[in-house]
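Asker: File follows, query.txt with compact mmCIF, C-alpha atoms:
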# COMPACT_ATOMS: atom_id res chain seq x y z
CA MET C 1 -8.20 7.30 -10.78
CA VAL C 2 -9.62 3.89 -11.50
CA ALA C 3 -10.85 3.67 -15.06
CA HIS C 4 -14.19 2.12 -14.18
CA THR C 5 -15.83 0.51 -11.22
CA LEU C 6 -15.46 -3.24 -11.22
CA THR C 7 -18.05 -5.61 -9.91
CA ARG C 8 -17.02 -7.91 -7.13
CA THR C 9 -16.66 -10.82 -9.55
CA GLU C 10 -14.50 -8.79 -11.89
CA THR C 11 -12.28 -7.66 -9.04
CA ASP C 12 -12.01 -11.23 -7.75
CA LEU C 13 -10.98 -12.51 -11.17
CA LEU C 14 -8.52 -9.70 -11.60
CA PHE C 15 -6.80 -10.21 -8.26
CA HIS C 16 -6.77 -13.96 -8.66
CA ALA C 17 -5.23 -13.59 -12.11
CA LEU C 18 -2.50 -11.29 -10.84
CA ALA C 19 -1.74 -13.29 -7.70
CA ASP C 20 0.56 -15.59 -9.70
CA GLY C 21 4.07 -14.65 -10.79
CA THR C 22 3.95 -16.53 -14.10
CA ARG C 23 0.66 -14.89 -15.02
CA ARG C 24 2.02 -11.44 -14.19
CA ASP C 25 5.01 -12.25 -16.40
CA ILE C 26 2.75 -13.35 -19.25
CA VAL C 27 0.84 -10.08 -18.99
CA ALA C 28 4.10 -8.12 -19.06
CA ARG C 29 5.27 -10.00 -22.16
CA VAL C 30 2.09 -9.64 -24.17
CA ILE C 31 1.92 -5.93 -23.34
CA GLU C 32 5.23 -5.64 -25.18
CA ARG C 33 3.95 -7.58 -28.16
CA GLU C 34 1.26 -10.14 -28.83
CA GLN C 35 2.53 -13.68 -28.93
CA SER C 36 1.37 -17.23 -29.44
CA VAL C 37 0.66 -19.61 -26.58
CA SER C 38 3.43 -21.88 -27.86
CA THR C 39 5.99 -19.05 -27.85
CA LEU C 40 4.96 -18.25 -24.28
CA ALA C 41 5.14 -21.91 -23.31
CA GLY C 42 8.73 -22.03 -24.54
CA ARG C 43 9.67 -19.36 -22.00
CA TYR C 44 8.56 -21.14 -18.87
CA ASP C 45 9.59 -24.31 -17.20
CA VAL C 46 6.04 -25.63 -17.20
CA SER C 47 3.94 -27.63 -19.63
CA PHE C 48 2.10 -26.16 -22.61
CA ALA C 49 -1.16 -27.14 -20.89
CA ALA C 50 -0.16 -25.23 -17.76
CA VAL C 51 0.58 -22.10 -19.79
CA GLN C 52 -2.73 -22.51 -21.58
CA LYS C 53 -4.45 -22.62 -18.20
CA HIS C 54 -2.67 -19.46 -17.08
CA VAL C 55 -3.77 -17.72 -20.28
CA ALA C 56 -7.35 -18.87 -19.66
CA VAL C 57 -7.30 -17.34 -16.17
CA LEU C 58 -5.99 -14.08 -17.62
CA GLU C 59 -8.66 -14.20 -20.31
CA ARG C 60 -11.44 -14.60 -17.76
CA ALA C 61 -10.10 -11.54 -15.93
CA ALA C 62 -10.17 -9.70 -19.29
CA LEU C 63 -6.48 -8.92 -18.95
CA VAL C 64 -5.72 -10.62 -22.26
CA THR C 65 -7.59 -11.79 -25.31
CA LYS C 66 -6.84 -14.88 -27.34
CA GLN C 67 -7.60 -15.49 -30.99
CA ARG C 68 -6.84 -18.34 -33.28
CA ARG C 69 -4.69 -17.65 -36.36
CA GLY C 70 -4.21 -20.80 -38.35
CA ARG C 71 -2.58 -23.29 -36.01
CA GLU C 72 -1.52 -20.65 -33.52
CA GLN C 73 -3.42 -19.12 -30.62
CA ILE C 74 -2.33 -15.50 -30.34
CA VAL C 75 -2.47 -13.76 -26.96
CA SER C 76 -2.79 -9.96 -26.82
CA SER C 77 -3.12 -7.64 -23.87
CA ASN C 78 -6.25 -5.72 -22.99
CA MET C 79 -4.74 -2.43 -21.90
CA ALA C 80 -7.90 -1.04 -20.33
CA ALA C 81 -8.10 -3.92 -17.83
CA VAL C 82 -4.36 -3.93 -17.28
CA SER C 83 -4.34 -0.26 -16.37
CA THR C 84 -7.38 -0.63 -14.10
CA ALA C 85 -5.67 -3.43 -12.19
CA GLY C 86 -2.44 -1.53 -12.13
CA GLU C 87 -4.03 1.61 -10.76
CA LEU C 88 -5.89 -0.28 -8.08
CA LEU C 89 -2.74 -1.85 -6.75
CA ARG C 90 -0.58 1.16 -7.40
CA SER C 91 -2.74 3.52 -5.33
CA TRP C 92 -2.32 1.39 -2.25
CA GLU C 93 1.36 0.92 -2.93
CA GLU C 94 1.89 4.62 -3.55
CA LEU C 95 0.12 5.45 -0.33
CA TRP C 96 2.58 3.40 1.71
CA GLN C 97 5.56 4.28 -0.44
CA ALA C 98 4.81 7.96 0.21
CA ARG C 99 4.39 7.29 3.93
CA GLY C 100 7.64 5.32 3.96
CA ASP C 101 9.43 8.17 2.24
CA ARG C 102 8.08 10.65 4.77
CA ILE C 103 9.20 8.39 7.63
CA ALA C 104 12.66 8.18 6.05
CA ALA C 105 12.79 11.96 5.84
CA ILE C 106 11.93 12.26 9.55
CA LEU C 107 14.52 9.61 10.46
CA ALA C 108 17.14 11.43 8.41
CA GLU C 109 16.83 14.54 10.56
CA PRO C 110 19.78 14.72 12.97
CA ARG C 111 17.54 15.53 15.91
CA HIS C 112 13.84 15.99 15.81
CA PRO C 113 12.43 18.71 18.06
CA ALA C 114 9.20 16.76 18.57
CA ALA C 115 11.09 13.76 19.97
CA HIS C 116 10.75 15.32 23.44
CA SER C 117 7.34 13.75 23.94
CA LYS C 118 9.17 10.54 24.79
CA GLU C 119 9.89 11.24 28.42
CA GLY C 120 13.36 10.95 29.80
CA GLU C 121 14.87 10.64 26.36
CA LYS C 122 16.53 14.03 26.37
CA PRO C 123 18.99 15.28 28.94
CA MET B 1 16.52 6.18 2.63
CA THR B 2 13.66 3.83 2.23
CA THR B 3 14.09 0.73 0.19
CA THR B 4 11.00 -1.01 -0.96
CA ILE B 5 12.08 -4.58 -1.01
CA GLU B 6 8.79 -6.10 -1.76
CA SER B 7 5.19 -5.22 -2.16
CA GLN B 8 2.62 -7.79 -2.95
CA GLN B 9 -1.07 -8.33 -2.79
CA ASP B 10 -2.64 -11.62 -1.96
CA LYS B 11 -6.17 -12.07 -3.17
CA ASN B 12 -6.90 -15.16 -1.11
CA GLU B 13 -5.73 -13.64 2.12
CA LEU B 14 -6.96 -10.16 1.16
CA THR B 15 -3.71 -8.73 2.35
CA TYR B 16 -1.22 -6.29 1.01
CA THR B 17 2.39 -6.61 2.13
CA PHE B 18 4.90 -3.83 2.06
CA VAL B 19 8.51 -4.15 3.18
CA MET B 20 10.79 -1.19 3.70
CA GLU B 21 14.18 -0.65 5.25
CA PHE B 22 15.34 2.40 7.13
CA ASP B 23 18.77 3.61 8.18
CA ALA B 24 17.78 3.80 11.81
CA SER B 25 17.43 1.58 14.87
CA ALA B 26 14.18 -0.25 15.55
CA GLU B 27 13.76 1.92 18.64
CA ARG B 28 14.01 5.05 16.50
CA VAL B 29 11.52 3.70 13.94
CA TRP B 30 9.17 2.83 16.80
CA GLN B 31 9.18 6.50 17.81
CA VAL B 32 7.69 7.66 14.49
CA TRP B 33 4.71 5.44 15.34
CA GLU B 34 4.62 6.20 19.06
CA ASP B 35 5.06 9.96 19.14
CA PRO B 36 1.88 11.63 17.83
CA ARG B 37 3.86 14.71 16.75
CA GLN B 38 6.08 12.56 14.54
CA LEU B 39 3.23 10.32 13.40
CA GLU B 40 1.21 13.27 12.14
CA ARG B 41 4.13 14.36 9.99
CA TRP B 42 3.92 11.21 7.87
CA TRP B 43 0.42 9.71 8.15
CA GLY B 44 -1.23 12.28 5.91
CA PRO B 45 0.19 13.80 2.74
CA PRO B 46 1.40 17.42 2.65
CA THR B 47 -1.93 18.46 1.11
CA TRP B 48 -3.93 16.65 3.83
CA PRO B 49 -1.82 16.87 6.99
CA ALA B 50 -2.96 14.77 9.93
CA THR B 51 -3.50 15.99 13.49
CA PHE B 52 -3.62 13.28 16.17
CA ASP B 53 -5.37 14.68 19.21
CA GLN B 54 -5.39 11.29 20.93
CA HIS B 55 -2.78 8.60 20.40
CA GLU B 56 -1.05 6.10 22.63
CA LEU B 57 0.57 2.81 21.63
CA ARG B 58 -1.16 0.77 24.33
CA VAL B 59 -3.41 -2.26 23.75
CA GLY B 60 -7.05 -1.22 23.59
CA SER B 61 -6.21 2.46 23.27
CA GLU B 62 -8.11 4.45 20.68
CA SER B 63 -6.41 7.11 18.61
CA LYS B 64 -8.35 9.99 17.13
CA TYR B 65 -7.10 12.10 14.31
CA TYR B 66 -8.28 14.27 11.47
CA MET B 67 -6.73 15.30 8.23
CA THR B 68 -7.18 18.87 7.04
CA GLY B 69 -7.69 19.48 3.35
CA PRO B 70 -6.62 22.42 1.23
CA GLU B 71 -10.05 24.04 1.69
CA GLY B 72 -9.97 23.58 5.45
CA ASP B 73 -12.30 20.58 5.29
CA ARG B 74 -11.62 17.83 7.82
CA ALA B 75 -11.50 14.07 7.27
CA PRO B 76 -11.58 12.44 10.70
CA GLY B 77 -10.41 8.92 11.42
CA TRP B 78 -9.56 6.51 14.20
CA TRP B 79 -7.19 3.70 15.14
CA VAL B 80 -7.61 1.05 17.79
CA ILE B 81 -4.37 -0.48 19.04
CA ASP B 82 -4.64 -4.28 19.07
CA VAL B 83 -1.02 -5.18 19.85
CA ALA B 84 1.86 -3.00 21.02
CA GLU B 85 5.18 -4.73 21.70
CA PRO B 86 7.84 -2.02 22.00
CA PHE B 87 10.33 -1.85 19.14
CA THR B 88 9.07 -5.03 17.49
CA ARG B 89 5.35 -5.16 16.73
CA ILE B 90 2.26 -2.99 16.37
CA GLU B 91 -1.16 -4.15 15.27
CA PHE B 92 -3.95 -1.69 14.77
CA THR B 93 -7.31 -1.33 13.11
CA ASP B 94 -8.03 1.95 11.43
CA GLY B 95 -11.09 3.46 9.89
CA PHE B 96 -12.94 6.67 9.23
CA SER B 97 -15.13 8.77 11.49
CA ASP B 98 -18.12 10.98 10.82
CA GLN B 99 -17.95 14.71 11.48
CA ASP B 100 -19.05 14.06 15.10
CA ARG B 101 -16.00 11.80 15.31
CA ASN B 102 -17.93 8.59 15.85
CA HIS B 103 -16.76 5.53 13.90
CA ASN B 104 -18.22 5.53 10.41
CA ASP B 105 -18.92 1.85 9.88
CA SER B 106 -20.17 2.32 6.34
CA LEU B 107 -16.62 3.01 5.25
CA PRO B 108 -13.93 0.33 5.14
CA ARG B 109 -11.65 -0.43 8.02
CA THR B 110 -8.21 -1.97 7.69
CA HIS B 111 -6.27 -4.15 10.09
CA THR B 112 -2.53 -3.58 9.84
CA VAL B 113 0.34 -5.55 11.36
CA VAL B 114 3.67 -3.76 11.56
CA THR B 115 6.80 -5.67 12.50
CA LEU B 116 10.19 -4.10 13.04
CA ASP B 117 13.30 -6.26 12.55
CA ASP B 118 16.61 -5.01 13.87
CA LEU B 119 19.22 -5.55 11.16
CA GLY B 120 22.08 -3.97 13.09
CA ASP B 121 22.39 -0.45 11.72
CA ARG B 122 19.17 -0.76 9.75
CA THR B 123 15.59 -1.70 10.50
CA ARG B 124 13.26 -3.65 8.28
CA MET B 125 9.64 -2.62 8.60
CA THR B 126 7.12 -5.13 7.29
CA LEU B 127 3.58 -3.97 6.96
CA VAL B 128 0.70 -6.29 6.25
CA SER B 129 -2.70 -4.71 5.64
CA HIS B 130 -5.74 -6.94 5.90
CA PHE B 131 -8.86 -5.83 4.10
CA GLY B 132 -12.36 -6.90 5.04
CA SER B 133 -13.28 -7.53 1.42
CA LEU B 134 -12.16 -6.77 -2.10
CA GLU B 135 -14.85 -4.10 -2.38
CA GLN B 136 -13.40 -2.44 0.69
CA MET B 137 -9.97 -2.44 -0.86
CA GLU B 138 -11.39 -0.94 -3.99
CA THR B 139 -13.41 1.65 -2.09
CA LEU B 140 -10.27 2.69 -0.24
CA THR B 141 -8.30 3.13 -3.40
CA GLN B 142 -11.13 5.06 -5.01
CA MET B 143 -11.59 7.49 -2.19
CA GLY B 144 -10.61 11.04 -2.84
CA MET B 145 -8.33 10.90 0.14
CA LEU B 146 -6.08 8.42 -1.58
CA GLU B 147 -6.20 10.44 -4.74
CA GLY B 148 -4.95 13.38 -2.71
CA MET B 149 -2.15 11.23 -1.44
CA THR B 150 -1.13 10.20 -4.92
CA LEU B 151 -1.14 13.80 -6.07
CA ALA B 152 0.97 14.75 -3.08
CA LEU B 153 3.76 12.46 -4.22
CA GLY B 154 5.16 15.09 -6.54
CA GLN B 155 5.54 17.55 -3.70
CA ILE B 156 7.38 15.05 -1.55
CA ASP B 157 10.06 14.58 -4.17
CA GLY B 158 11.54 17.99 -3.35
CA VAL B 159 11.66 17.25 0.36
CA LEU B 160 13.28 13.88 -0.27
CA ALA B 161 15.83 15.26 -2.67
CA SER B 162 17.05 17.73 -0.05
CA THR B 163 17.10 14.95 2.55
CA LEU B 164 19.15 12.70 0.28
CA GLU B 165 21.74 15.38 -0.37
CA ARG B 166 22.75 15.46 3.27
Is it possible to give me this structure as structure tokens?

Answerer:
Amino acid sequence: MVAHTLTRTETDLLFHALADGTRRDIVARVIEREQSVSTLAGRYDVSFAAVQKHVAVLERAALVTKQRRGREQIVSSNMAAVSTAGELLRSWEELWQARGDRIAAILAEPRHPAAHSKEGEKP
Amino acid sequence: MTTTIESQQDKNELTYTFVMEFDASAERVWQVWEDPRQLERWWGPPTWPATFDQHELRVGSESKYYMTGPEGDRAPGWWVIDVAEPFTRIEFTDGFSDQDRNHNDSLPRTHTVVTLDDLGDRTRMTLVSHFGSLEQMETLTQMGMLEGMTLALGQIDGVLASTLER
């Protein structure tokens, strides 16, 4: 299931990092291909400094790494951390998605034989 | 069918929100929570079906259930009903029990708030799970029980496909 057990601090950093929509979007983009902070900054309606801060939060959570190449700072994804975070959230989501699907299946039945336990409901 | 409109996790609040919509009245959706025979058809996965031998949607009432694994092993659990407002709101705390069916406080418990919104011919069910701590959330996701649930997803597909064809 989960790739490795995270310490509380690691989990905190991870959840904090992913609690923000822009940061989740940055992660999604750098998974596709590594890109510079300035390229990323051009995609959002916030300042370069704000994007840099977002990248720093992602870096602390080990979701991305940043390295300097000449004048550019290149952001790449750390797939191990990304998949750990993903699995953690996905398991809980899958649990309820599966329950929701089962509820939907029950509701789709024209008449459920077990519905009789609600007294007075049936003729 | 179910529509997952939104699912999000909030680290500061330690909550996980899940929103689904069903083609049924709020009263009908309430029944899948209220009627133990219907509840046990969806609480556990096909590989770990649940049996609720005590369940009543009444404030302060304690539900007792167990899930039976493929090898016949039992995973017992409990709910305590904190709020029950017919057709609109349920709040409950759920956790695990030991084999003597006493609360196992070394395992995480979750507080869940379910609200049902009548949308005319549909019902929106919003579920907010509150975790005691991040470790608890992680423990829950790491437990074999959840792994079983994830594995069970494949089997549900067949059931759903036949339901959808109707």

Asker: Could you state the separation of CA of Val37 (chain C) and CA of Val75 (chain C) in Å, given to one decimal place?

Answerer: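 CA of Val75 (chain C) lies 6.6 Å from CA of Val37 (chain C).
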
Asker: At what distance in Å, to one decimal, does CA of Glu93 (chain C) lie from CA of Thr68 (chain B)?

Answerer: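 Answer for the CA of Thr68 (chain B) to CA of Glu93 (chain C) separation: 22.2 Å.
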
Asker: Record the distance separating CA of Pro36 (chain B) and CA of His55 (chain B), expressed in Å with one decimal.

Answerer: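 Between CA of Pro36 (chain B) and CA of His55 (chain B) the gap is 6.1 Å.
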
Asker: For each of C:Pro110, C:Ser38, C:Val51, C:Ile26, take the minimum atom-to-atom distance to Arg71 (chain C), counting all atoms listed in the file, then give the residue where this is smallest.

Answerer: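 Closest to Arg71 (chain C) of all the choices is C:Ser38.
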
Asker: Residues at most 8 Å from Ser77 (chain C), counting only C-alpha atoms, excluding those fewer than 4 positions away in the same chain, as a PDB file with C-alpha atoms, keeping the file's coordinate frame?

Answerer:
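The result, stored in out_37.pdb:
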ATOM      1  CA  VAL C  27       0.840 -10.080 -18.990  1.00  0.00           C
ATOM      2  CA  VAL C  30       2.090  -9.640 -24.170  1.00  0.00           C
ATOM      3  CA  ILE C  31       1.920  -5.930 -23.340  1.00  0.00           C
ATOM      4  CA  GLU C  34       1.260 -10.140 -28.830  1.00  0.00           C
ATOM      5  CA  LEU C  63      -6.480  -8.920 -18.950  1.00  0.00           C
ATOM      6  CA  VAL C  64      -5.720 -10.620 -22.260  1.00  0.00           C
ATOM      7  CA  THR C  65      -7.590 -11.790 -25.310  1.00  0.00           C
ATOM      8  CA  VAL C  82      -4.360  -3.930 -17.280  1.00  0.00           C
TER       9      VAL C  82
END

Asker: Here is a test: counting all atoms listed in the file, which residue of B:Ala26, B:Val114, B:Ile90, B:Val32 is nearest to chain C?

Answerer: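 The shortest atom-to-atom distance to chain C comes from B:Val32.
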
Asker: Within 10 Å of Pro86 (chain B), counting all atoms listed in the file, which residues show up once you throw out same-chain ones fewer than 2 positions away? Write them as a VMD selection string, please.

Answerer: chain B and resid 26 to 27 30 to 31 34 57 to 58 83 to 84 88 to 90 116

Asker: So, counting only C-alpha atoms, which residue among B:Arg28, B:Glu71, B:Thr17, B:Glu62 is closest to Asp94 (chain B)?

Answerer: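 Using only C-alpha atoms, Asp94 (chain B) sits closest to B:Glu62.
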
Asker: Which residue gives the smallest distance to chain C among B:Leu127, B:Pro70, B:Thr47, B:Asn102, with all atoms listed in the file counted?

Answerer: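 Going through B:Leu127, B:Pro70, B:Thr47, B:Asn102 one by one, the smallest distance to chain C is for B:Leu127.
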
Asker: When you count only C-alpha atoms, which of these residues is closest to Val128 (chain B): B:Pro108, B:Asp100, B:Phe92, B:Trp79?

Answerer: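 For Val128 (chain B), the nearest of the candidates is B:Phe92.
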
Asker: I need every residue sitting at most 12 Å from the point (4.0, -20.4, -23.8) (coordinates as in the file, only C-alpha atoms considered), written as an MDAnalysis selection string.

Answerer: chainID C and resid 22:23 25:27 29:30 34:55 72:75

Asker: Here's a test: counting only C-alpha atoms, identify every protein, DNA and RNA residue with an atom at most 8 Å from (-4.2, -6.1, 21.5) in the file's coordinate frame, and state them as a PyMOL selection string.

Answerer: chain B and resi 59-60+81-84+91

Asker: Of the candidates B:Val80, B:Leu119, B:Leu39, B:Ala24, which shows the shortest atom-to-atom distance to His103 (chain B), using all atoms listed in the file?

Answerer: B:Val80

Asker: Extract, using all atoms listed in the file, all DNA, RNA and protein residues at most 6 Å from region 122-125 of chain B, discarding same-chain residues fewer than 2 positions from it, and format them as a list of chain:residue names.

Answerer: B:Val19, B:Met20, B:Glu21, B:Phe22, B:Asp23, B:Ala24, B:Ser25, B:Ala26, B:Thr115, B:Leu116, B:Asp117, B:Asp118, B:Leu119, B:Gly120
